[in-house]
file entry06.txt (compact mmCIF, C-alpha atoms)
# COMPACT_ATOMS: atom_id res chain seq x y z
CA MET A 1 -2.80 -45.00 -30.25
CA GLU A 2 -1.50 -41.46 -30.49
CA PHE A 3 -2.50 -39.23 -27.58
CA ILE A 4 -3.55 -35.71 -28.51
CA MET A 5 -3.78 -33.20 -25.67
CA SER A 6 -6.47 -30.52 -25.98
CA ILE A 7 -5.50 -26.85 -25.96
CA ASP A 8 -7.30 -26.33 -22.64
CA ALA A 9 -5.54 -29.30 -21.06
CA LEU A 10 -2.18 -28.09 -22.34
CA ALA A 11 -2.82 -24.64 -20.89
CA GLN A 12 -3.77 -26.27 -17.58
CA THR A 13 -0.39 -28.00 -17.37
CA ARG A 14 1.43 -24.71 -17.93
CA ALA A 15 -0.16 -23.03 -14.95
CA ASP A 16 2.69 -22.38 -12.54
CA PHE A 17 1.81 -20.42 -9.42
CA ARG A 18 2.06 -20.50 -5.65
CA PHE A 19 -0.08 -18.73 -3.08
CA LEU A 20 1.97 -16.42 -0.85
CA LEU A 21 -0.07 -14.11 1.38
CA PHE A 22 -3.54 -12.88 2.24
CA GLY A 23 -4.12 -9.63 4.07
CA HIS A 24 -5.66 -6.16 4.25
CA ASP A 25 -3.54 -3.54 2.50
CA THR A 26 -5.72 -0.50 3.31
CA VAL A 27 -8.37 -0.12 5.99
CA GLN A 28 -10.31 3.10 6.57
CA CYS A 29 -12.60 3.56 9.54
CA ALA A 30 -14.71 6.45 10.84
CA TYR A 31 -14.55 7.03 14.61
CA TYR A 32 -17.14 9.15 16.37
CA LEU A 33 -15.11 10.67 19.20
CA ALA A 34 -15.63 13.62 21.52
CA ARG A 35 -13.37 15.28 24.05
CA GLY A 36 -13.81 13.98 27.59
CA VAL A 37 -13.44 16.02 30.77
CA HIS A 38 -9.68 15.43 31.02
CA CYS A 39 -8.88 15.19 27.31
CA ILE A 40 -5.35 16.28 26.42
CA VAL A 41 -6.08 16.64 22.68
CA ASP A 42 -6.69 20.37 22.27
CA PHE A 43 -8.07 21.22 18.83
CA SER A 44 -7.47 24.95 19.36
CA GLU A 45 -3.79 24.20 20.06
CA ILE A 46 -3.61 22.06 16.90
CA ALA A 47 -5.19 24.92 14.94
CA LEU A 48 -2.57 27.32 16.33
CA HIS A 49 0.27 25.02 15.22
CA LYS A 50 -1.26 24.72 11.77
CA GLU A 51 -1.65 28.50 11.49
CA ARG A 52 2.01 28.96 12.42
CA LEU A 53 2.98 26.52 9.68
CA ARG A 54 0.88 28.48 7.21
CA HIS A 55 2.41 31.82 8.17
CA ALA A 56 5.94 30.39 8.03
CA LYS A 57 5.08 28.84 4.64
CA GLN A 58 6.44 25.60 6.09
CA ARG A 59 5.18 22.64 4.13
CA GLU A 60 6.93 19.91 6.11
CA GLY A 61 4.65 19.90 9.14
CA VAL A 62 5.48 19.76 12.84
CA VAL A 63 5.72 16.81 15.24
CA LEU A 64 3.17 16.77 18.09
CA ARG A 65 2.90 14.22 20.90
CA TYR A 66 -0.31 13.24 22.66
CA GLY A 67 0.14 10.52 25.24
CA SER A 68 2.23 7.64 23.92
CA GLN A 69 1.79 8.59 20.24
CA ALA A 70 3.76 11.13 18.22
CA PHE A 71 2.28 12.51 15.00
CA LYS A 72 3.32 14.87 12.27
CA LEU A 73 0.75 17.62 11.88
CA GLN A 74 0.57 18.54 8.22
CA ALA A 75 0.26 22.13 7.09
CA TYR A 76 -2.88 21.29 5.10
CA GLY A 77 -6.32 19.83 5.71
CA SER A 78 -7.83 16.85 3.91
CA GLY A 79 -9.71 16.88 0.63
CA SER A 80 -12.77 15.49 2.38
CA GLY A 81 -13.22 18.54 4.58
CA TYR A 82 -11.22 17.77 7.73
CA PRO A 83 -9.13 20.73 8.94
CA PHE A 84 -6.32 18.63 10.46
CA VAL A 85 -4.20 15.74 9.19
CA LEU A 86 -2.01 13.84 11.67
CA GLU A 87 0.29 11.03 10.52
CA ASN A 88 2.70 8.47 11.88
CA ALA A 89 3.98 5.02 10.92
CA GLU A 90 0.75 3.26 11.79
CA LEU A 91 -2.04 5.57 10.72
CA ARG A 92 -3.22 8.73 9.06
CA ILE A 93 -5.84 10.67 11.01
CA GLU A 94 -8.11 13.24 9.41
CA CYS A 95 -9.89 15.02 12.22
CA GLY A 96 -11.88 18.05 13.29
CA GLU A 97 -13.75 18.81 16.50
CA PHE A 98 -16.93 19.75 14.64
CA ASN A 99 -16.76 17.17 11.85
CA ASN A 100 -19.08 14.18 11.91
CA PRO A 101 -17.47 11.71 12.29
CA SER A 102 -14.78 13.64 14.10
CA PHE A 103 -11.96 11.19 13.27
CA PHE A 104 -11.40 9.39 9.97
CA VAL A 105 -8.50 6.94 10.23
CA THR A 106 -6.55 5.23 7.46
CA PHE A 107 -4.41 2.39 8.77
CA ARG A 108 -1.12 2.17 6.87
CA SER A 109 -0.11 -0.79 4.74
CA GLN A 110 3.10 -1.78 6.53
CA ALA A 111 1.49 -1.60 9.96
CA LEU A 112 -1.46 -3.69 8.74
CA TRP A 113 0.88 -6.42 7.52
CA GLN A 114 3.04 -6.27 10.63
CA TYR A 115 0.41 -6.12 13.38
CA GLY A 116 -2.93 -6.98 11.75
CA THR A 117 -6.11 -4.94 11.40
CA GLN A 118 -7.67 -5.92 14.71
CA ALA A 119 -4.51 -5.18 16.67
CA LEU A 120 -4.14 -1.73 15.07
CA HIS A 121 -7.75 -0.91 15.88
CA GLN A 122 -7.22 -1.97 19.49
CA ARG A 123 -4.03 0.09 19.73
CA PHE A 124 -5.88 3.12 18.40
CA MET A 125 -8.73 2.65 20.89
CA GLN A 126 -6.22 2.32 23.74
CA TRP A 127 -4.72 5.63 22.64
CA VAL A 128 -8.22 7.15 22.54
CA ASP A 129 -8.73 6.16 26.18
CA GLU A 130 -5.23 7.32 27.11
CA VAL A 131 -5.73 10.88 25.81
CA GLY A 132 -9.27 11.25 27.19
CA LEU A 133 -11.34 11.00 24.02
CA VAL A 134 -14.75 9.35 24.34
CA SER A 135 -16.65 7.22 21.80
CA VAL A 136 -20.17 8.55 21.29
CA LYS A 137 -21.10 6.06 18.55
CA PRO A 138 -19.62 2.76 17.33
CA PRO A 139 -16.91 3.11 14.66
CA SER A 140 -17.85 2.37 11.06
CA LEU A 141 -15.65 0.82 8.38
CA SER A 142 -15.52 2.83 5.16
CA ARG A 143 -13.07 0.89 3.01
CA VAL A 144 -11.17 -2.40 3.09
CA ASP A 145 -8.66 -3.60 0.49
CA PHE A 146 -8.53 -7.42 0.44
CA THR A 147 -5.34 -8.76 -1.17
CA PHE A 148 -4.10 -12.18 -2.27
CA ASP A 149 -0.50 -12.40 -3.47
CA TYR A 150 0.70 -15.18 -5.78
CA HIS A 151 4.08 -16.14 -7.12
CA LEU A 152 3.33 -16.24 -10.84
CA PRO A 153 6.57 -16.35 -12.87
CA GLU A 154 4.70 -16.47 -16.19
CA ARG A 155 1.27 -14.88 -16.63
CA ASP A 156 -0.96 -16.91 -18.98
CA PHE A 157 -4.10 -14.75 -18.93
CA ASP A 158 -5.05 -11.39 -20.47
CA LEU A 159 -7.94 -8.94 -20.41
CA ALA A 160 -10.14 -11.31 -22.41
CA SER A 161 -9.76 -13.96 -19.68
CA PHE A 162 -11.69 -11.92 -17.10
CA VAL A 163 -15.41 -12.29 -16.46
CA SER A 164 -16.79 -9.43 -14.37
CA LEU A 165 -20.05 -7.75 -13.42
CA ALA A 166 -18.21 -4.41 -13.53
CA GLY A 167 -19.25 -2.07 -16.30
CA LYS A 168 -15.81 -0.49 -16.62
CA ASP A 169 -12.48 -2.16 -17.30
CA SER A 170 -9.01 -1.04 -18.26
CA GLN A 171 -5.46 -2.27 -18.54
CA TYR A 172 -2.11 -0.60 -18.09
CA ARG A 173 0.89 -1.56 -20.18
CA GLU A 174 4.60 -0.95 -19.75
CA ASN A 175 6.75 -1.45 -22.86
CA GLY A 176 3.89 -3.30 -24.51
CA THR A 177 3.43 -5.76 -21.63
CA GLU A 178 0.30 -5.77 -19.50
CA GLN A 179 1.03 -4.93 -15.87
CA THR A 180 -2.40 -4.03 -14.45
CA PHE A 181 -5.96 -5.19 -15.13
CA SER A 182 -8.64 -3.07 -13.47
CA PHE A 183 -12.41 -3.60 -13.23
CA GLY A 184 -15.11 -1.41 -11.75
CA LYS A 185 -15.14 1.77 -9.70
CA GLY A 186 -16.97 3.13 -6.67
CA ASP A 187 -18.14 0.47 -4.22
CA VAL A 188 -16.16 -2.43 -5.73
CA MET A 189 -12.97 -2.37 -7.75
CA LEU A 190 -10.82 -5.35 -8.70
CA ARG A 191 -7.16 -4.91 -9.63
CA VAL A 192 -4.91 -7.74 -10.74
CA TYR A 193 -1.40 -6.43 -11.18
CA ASP A 194 2.32 -7.07 -11.22
CA LYS A 195 3.24 -6.13 -7.66
CA ILE A 196 6.99 -6.23 -8.28
CA SER A 197 6.70 -3.61 -11.04
CA GLU A 198 4.46 -1.45 -8.85
CA ILE A 199 7.02 -1.48 -6.03
CA ALA A 200 9.82 -0.62 -8.45
CA GLN A 201 7.92 2.30 -9.99
CA GLN A 202 5.62 3.75 -7.36
CA SER A 203 6.19 2.60 -3.78
CA ASP A 204 8.81 1.87 -1.14
CA LYS A 205 7.27 -1.41 0.03
CA VAL A 206 10.47 -3.42 -0.21
CA TRP A 207 9.59 -5.05 3.12
CA PHE A 208 7.24 -7.33 1.16
CA PHE A 209 10.20 -9.26 -0.27
CA PRO A 210 11.10 -11.14 2.95
CA LEU A 211 7.39 -11.78 3.59
CA TRP A 212 6.99 -13.37 0.18
CA GLY A 213 10.33 -15.13 0.14
CA VAL A 214 10.75 -14.15 -3.52
CA GLU A 215 11.72 -10.92 -5.31
CA ALA A 216 10.25 -11.55 -8.76
CA GLY A 217 7.09 -12.79 -10.41
CA VAL A 218 4.57 -11.68 -7.76
CA TRP A 219 1.04 -10.79 -8.90
CA ARG A 220 -1.60 -9.37 -6.60
CA ILE A 221 -5.36 -9.93 -6.73
CA GLU A 222 -6.90 -6.99 -4.87
CA TRP A 223 -10.47 -5.94 -4.22
CA GLN A 224 -11.07 -2.40 -3.01
CA VAL A 225 -14.42 -2.57 -1.23
CA ARG A 226 -16.23 0.47 0.11
CA LYS A 227 -18.99 1.07 2.62
CA ALA A 228 -22.07 0.16 0.57
CA LEU A 229 -20.92 -3.39 -0.20
CA LEU A 230 -19.46 -3.87 3.27
CA LYS A 231 -22.87 -3.01 4.76
CA ARG A 232 -24.54 -5.49 2.39
CA PHE A 233 -22.65 -8.23 4.23
CA GLY A 234 -23.17 -6.67 7.64
CA ILE A 235 -19.56 -5.49 7.92
CA ARG A 236 -19.67 -2.30 9.94
CA THR A 237 -17.17 -2.85 12.75
CA MET A 238 -13.79 -4.55 13.08
CA ASP A 239 -15.43 -7.58 14.72
CA ASP A 240 -17.83 -7.83 11.79
CA LEU A 241 -14.89 -7.76 9.38
CA PHE A 242 -13.32 -10.92 10.75
CA GLU A 243 -16.63 -12.70 11.22
CA ARG A 244 -18.00 -11.96 7.74
CA GLN A 245 -15.15 -11.11 5.38
CA ALA A 246 -15.16 -14.65 3.97
CA ASP A 247 -18.82 -14.26 2.91
CA CYS A 248 -18.01 -10.98 1.17
CA LEU A 249 -14.99 -12.48 -0.58
CA ARG A 250 -16.90 -15.57 -1.73
CA TYR A 251 -19.41 -13.30 -3.43
CA LEU A 252 -16.63 -11.25 -5.03
CA ALA A 253 -14.67 -14.27 -6.30
CA ALA A 254 -17.61 -16.54 -7.20
CA GLU A 255 -20.16 -14.07 -8.57
CA HIS A 256 -18.67 -10.65 -9.21
CA ASP A 257 -15.30 -11.40 -10.86
CA SER A 258 -13.24 -14.30 -12.11
CA ILE A 259 -10.35 -15.28 -14.38
CA SER A 260 -11.38 -17.99 -16.82
CA ARG A 261 -10.06 -20.10 -19.67
CA PRO A 262 -11.76 -18.62 -22.77
CA ASN A 263 -13.25 -21.14 -25.22
CA GLN A 264 -15.77 -21.16 -28.07
CA ASP A 265 -18.80 -20.91 -25.78
CA SER A 266 -20.56 -17.57 -26.37
CA ASN A 267 -21.68 -17.50 -22.74
CA ARG A 268 -18.63 -16.26 -20.86
CA SER A 269 -20.09 -17.37 -17.51
CA ARG A 270 -19.72 -21.00 -18.62
CA TRP A 271 -16.01 -20.71 -19.34
CA PRO A 272 -13.90 -22.97 -17.08
CA LEU A 273 -12.08 -21.19 -14.28
CA HIS A 274 -8.38 -20.53 -14.54
CA PRO A 275 -6.56 -22.77 -12.01
CA LEU A 276 -5.24 -19.63 -10.30
CA TRP A 277 -8.82 -18.57 -9.59
CA THR A 278 -9.76 -22.07 -8.44
CA ASP A 279 -6.92 -21.85 -5.91
CA LEU A 280 -8.11 -18.38 -4.85
CA LEU A 281 -11.56 -19.81 -4.02
CA THR A 282 -9.82 -22.50 -1.97
CA GLN A 283 -7.87 -19.85 -0.05
CA ILE A 284 -11.08 -17.94 0.68
CA ASP A 285 -12.79 -21.12 1.94
CA ALA A 286 -9.86 -21.61 4.34
CA LEU A 287 -9.83 -17.96 5.38
CA GLU A 288 -10.47 -18.62 9.05
CA GLY A 289 -7.15 -20.41 9.20
CA LEU A 290 -5.16 -17.54 7.64
CA GLY A 291 -3.49 -14.85 9.73
CA VAL A 292 -2.33 -11.40 8.69
CA TYR A 293 0.37 -11.01 11.33
CA ARG A 294 3.83 -11.02 9.81
CA GLU A 295 7.20 -10.27 11.38
CA ILE A 296 8.82 -7.31 9.61
CA ASP A 297 12.48 -6.72 10.40
CA ALA A 298 12.86 -2.93 10.67
CA ALA A 299 16.66 -3.11 10.40
CA ALA A 300 16.41 -5.23 7.26
CA VAL A 301 13.98 -2.72 5.76
CA LEU A 302 16.44 0.14 6.34
CA GLN A 303 19.28 -1.93 4.90
CA GLU A 304 17.19 -2.71 1.81
CA ARG A 305 16.42 1.00 1.35
CA LEU A 306 20.11 1.82 1.76
CA MET A 307 21.02 -0.74 -0.89
CA ARG A 308 18.50 0.75 -3.31
CA VAL A 309 19.88 4.24 -2.66
CA GLY A 310 23.31 2.81 -3.40
CA ILE A 311 22.07 1.41 -6.70
CA SER A 312 20.70 4.84 -7.63
CA LEU A 313 23.93 6.58 -6.62
CA TYR A 314 25.93 4.13 -8.68
CA GLY A 315 23.79 4.98 -11.70
CA TYR A 316 24.31 8.72 -11.14
CA ALA A 317 28.05 8.13 -10.76
CA LYS A 318 28.12 6.59 -14.23
CA ARG A 319 26.34 9.64 -15.57
CA VAL A 320 28.85 11.97 -13.90
CA ALA A 321 31.71 9.92 -15.39
CA ALA A 322 30.16 10.18 -18.86
CA ILE A 323 29.71 13.96 -18.54
CA GLU A 324 33.30 14.40 -17.34
CA CYS A 325 34.59 12.28 -20.23
CA ILE A 326 32.71 14.41 -22.75
CA GLN A 327 33.75 17.71 -21.15
CA GLN A 328 37.42 16.72 -20.89
CA ARG A 329 37.51 14.71 -24.10
CA ARG A 330 38.65 11.61 -22.30
CA ASP A 331 37.83 8.01 -23.08
CA PHE A 332 37.43 6.74 -19.53
CA ILE A 333 37.21 7.78 -15.85
CA ASP A 334 37.30 5.12 -13.13
CA LEU A 335 35.03 4.96 -10.08
CA ASP A 336 37.52 6.38 -7.57
CA GLU A 337 38.13 9.50 -9.63
CA THR A 338 34.39 9.85 -10.28
CA LEU A 339 33.58 9.70 -6.54
CA GLU A 340 36.25 12.33 -5.90
CA ARG A 341 34.63 14.60 -8.48
CA ILE A 342 31.16 13.95 -7.01
CA GLY A 343 32.51 14.90 -3.56
CA ARG A 344 33.83 18.22 -4.87
CA LEU A 345 30.55 18.88 -6.66
CA VAL A 346 28.50 18.18 -3.53
CA TYR A 347 30.70 20.40 -1.36
CA ARG A 348 30.17 23.27 -3.81
CA ILE A 349 26.43 23.27 -3.01
CA HIS A 350 26.68 22.09 0.62
CA ASP A 351 25.16 24.33 3.30
CA ALA A 352 25.81 23.11 6.87
CA PRO A 353 22.65 24.53 8.57
CA THR A 354 20.40 23.26 5.79
CA TRP A 355 22.12 19.85 5.87
CA LYS A 356 21.56 19.55 9.64
CA SER A 357 17.88 20.53 9.52
CA ASP A 358 17.09 18.38 6.48
CA VAL A 359 18.82 15.30 7.92
CA GLU A 360 16.97 15.78 11.23
CA LYS A 361 13.70 16.09 9.31
CA ARG A 362 14.37 12.84 7.46
CA ILE A 363 15.27 11.08 10.70
CA ASN A 364 12.00 12.20 12.26
CA ASP A 365 10.04 11.18 9.17
CA MET A 366 11.59 7.72 9.13
CA ARG A 367 10.91 7.23 12.83
CA LEU A 368 7.29 8.20 12.20
CA GLY A 369 7.18 5.88 9.20
CA LEU A 370 6.63 8.70 6.71
call {"tool": "encode", "arguments": {"input": "entry06.txt", "output": "structure tokens"}}
result
Amino acid sequence: MEFIMSIDALAQTRADFRFLLFGHDTVQCAYYLARGVHCIVDFSEIALHKERLRHAKQREGVVLRYGSQAFKLQAYGSGSGYPFVLENAELRIECGEFNNPSFFVTFRSQALWQYGTQALHQRFMQWVDEVGLVSVKPPSLSRVDFTFDYHLPERDFDLASFVSLAGKDSQYRENGTEQTFSFGKGDVMLRVYDKISEIAQQSDKVWFFPLWGVEAGVWRIEWQVRKALLKRFGIRTMDDLFERQADCLRYLAAEHDSISRPNQDSNRSRWPLHPLWTDLLTQIDALEGLGVYREIDAAAVLQERLMRVGISLYGYAKRVAAIECIQQRRDFIDLDETLERIGRLVYRIHDAPTWKSDVEKRINDMRLGL
């Protein structure tokens, strides 16, 4: 008897994916802090530094140290009404003595993946005690981005495969190929996107590659969840987050959004789940056993950045060679001659004092993780 495989069954066999990582990629928390008797954080001094930056028309900011932490004070305030913005490798602080809450902290992606959300919160609170700030009210989470990364060499779903309670959806294409599917806005937003393409085009998060163990075919499922939904599940503090995040994620993945296998049924909610989504539900059920601490090799990150700079320089060298060939009506210029010409070109515009100050600035920025 001839065996005929159904279309759905055939699609099921083609599913090829592997779960890689779960973690928090952005965490924002409001801290209600006041200056204690021996506080060394002087807002009037910070204001003076900012005013000097403004008068000097210096946009790069200035490095300030309070206790064990160094920050770059930016020359601007925040769009949400805070007069001061302080940044380093682990966090971005928007603050103001008379704002309520007085500190609004965004924990940075790389630090979250390296140390974990709870550890970063504890480090921040230790710094608060160290500099003499005092908590007058428990901190309150404002936003958490929950992410699940999968190795997915071949995507076999499209916009029509999603079932969502969100009223707004969109997709982004690059060269005719879908790279991002987005659903919702405000309190809950789901994004499913090609993380490799995003890193190549928009970010410097090359340190993800050793965490994943692959450098191609990575898709991210990411929910951006804000305060209203967090409060619905009783998630207000960092302790609440780890006690109740699984409940919030089960709702998001089981009721709010899903990727399905479309069929002839007019009721989309009855479509069978895509095996990728079935695995996602399994990962959420096992959430208590998943950690977000990952070892990130800082030296390897710098080497990876250096290699990518080298790739860019190599591309520019080819362009210089092409320009020289056209200008001199030559057929070919080799790499050695091209590098010699690039050296002469660079020395024509080189200014020693500017070089020194700009290199020092970049060193400081890299040490602060900026």
call {"tool": "atom_distance", "arguments": {"input": "entry06.txt", "atom1": "atom CA of A:Arg18", "atom2": "atom CA of A:Leu152"}}
result
6.8 Å
call {"tool": "residues_near_point", "arguments": {"input": "entry06.txt", "point": "(-18.4, -10.1, -7.6)", "cutoff": "10 Å", "atoms": "only C-alpha atoms", "output": "list in words"}}
result
Val163, Ser164, Leu165, Ala166, Val188, Met189, Leu190, Trp223, Cys248, Leu249, Arg250, Tyr251, Leu252, Ala253, Ala254, Glu255, His256, Asp257 and Ser258 of chain A
call {"tool": "atom_distance", "arguments": {"input": "entry06.txt", "atom1": "atom CA of A:Gly132", "atom2": "atom CA of A:Ile40"}}
result
6.4 Å
call {"tool": "atom_distance", "arguments": {"input": "entry06.txt", "atom1": "atom CA of A:Arg155", "atom2": "atom CA of A:His274"}}
result
11.4 Å
call {"tool": "closest_residue", "arguments": {"input": "entry06.txt", "among": "A:Cys29, A:Val359, A:Cys95, A:Ala111", "to": "A:Phe208", "atoms": "all atoms listed in the file"}}
result
A:Ala111
call {"tool": "residues_around", "arguments": {"input": "entry06.txt", "residues": "A:Met238", "least_positions_apart": "6", "cutoff": "9 Å", "atoms": "only C-alpha atoms", "output": "PyMOL selection string"}}
result
chain A and resi 29+117-118+121+139-141
call {"tool": "closest_residue", "arguments": {"input": "entry06.txt", "among": "A:Leu230, A:Leu48, A:Ile235, A:Leu159", "to": "A:Ser260", "atoms": "only C-alpha atoms"}}
result
A:Leu159
call {"tool": "residues_near_point", "arguments": {"input": "entry06.txt", "point": "(30.0, 13.7, -11.1)", "cutoff": "9 Å", "atoms": "only C-alpha atoms", "output": "MDAnalysis selection string"}}
result
chainID A and resid 316:324 338:346
call {"tool": "residues_around", "arguments": {"input": "entry06.txt", "residues": "stretch 215-222 of chain A", "least_positions_apart": "2", "cutoff": "8 Å", "atoms": "all atoms listed in the file", "output": "ChimeraX atom specification"}}
result
/A:145-154,190-196,209,212-213,224
call {"tool": "residues_around", "arguments": {"input": "entry06.txt", "residues": "A:Glu87", "least_positions_apart": "6", "cutoff": "7 Å", "atoms": "only C-alpha atoms", "output": "list in words"}}
result
Phe71, Lys72, Leu73 and Ile93 of chain A
call {"tool": "decode", "arguments": {"input": "entry06.txt", "residues": "stretch 201-218 of chain A", "atoms": "C-alpha atoms", "output": "short mmCIF file (atom, residue, chain, number, x, y, z; two decimals), in the first residue's frame"}}
result
data_model
loop_
_atom_site.label_atom_id
_atom_site.label_comp_id
_atom_site.auth_asym_id
_atom_site.auth_seq_id
_atom_site.Cartn_x
_atom_site.Cartn_y
_atom_site.Cartn_z
CA GLN A 201 23.10 45.98 10.71
CA GLN A 202 22.35 47.71 14.00
CA SER A 203 24.33 46.54 17.02
CA ASP A 204 27.77 45.54 18.29
CA LYS A 205 26.60 42.47 20.19
CA VAL A 206 29.15 40.11 18.69
CA TRP A 207 29.68 38.61 22.16
CA PHE A 208 26.50 36.60 21.57
CA PHE A 209 28.33 34.33 19.09
CA PRO A 210 30.37 32.39 21.69
CA LEU A 211 27.28 32.18 23.93
CA TRP A 212 25.27 30.61 21.14
CA GLY A 213 28.05 28.49 19.75
CA VAL A 214 26.90 29.39 16.22
CA GLU A 215 27.28 32.46 14.01
CA ALA A 216 24.38 31.98 11.59
CA GLY A 217 20.72 31.08 11.58
CA VAL A 218 19.75 32.49 15.00
#
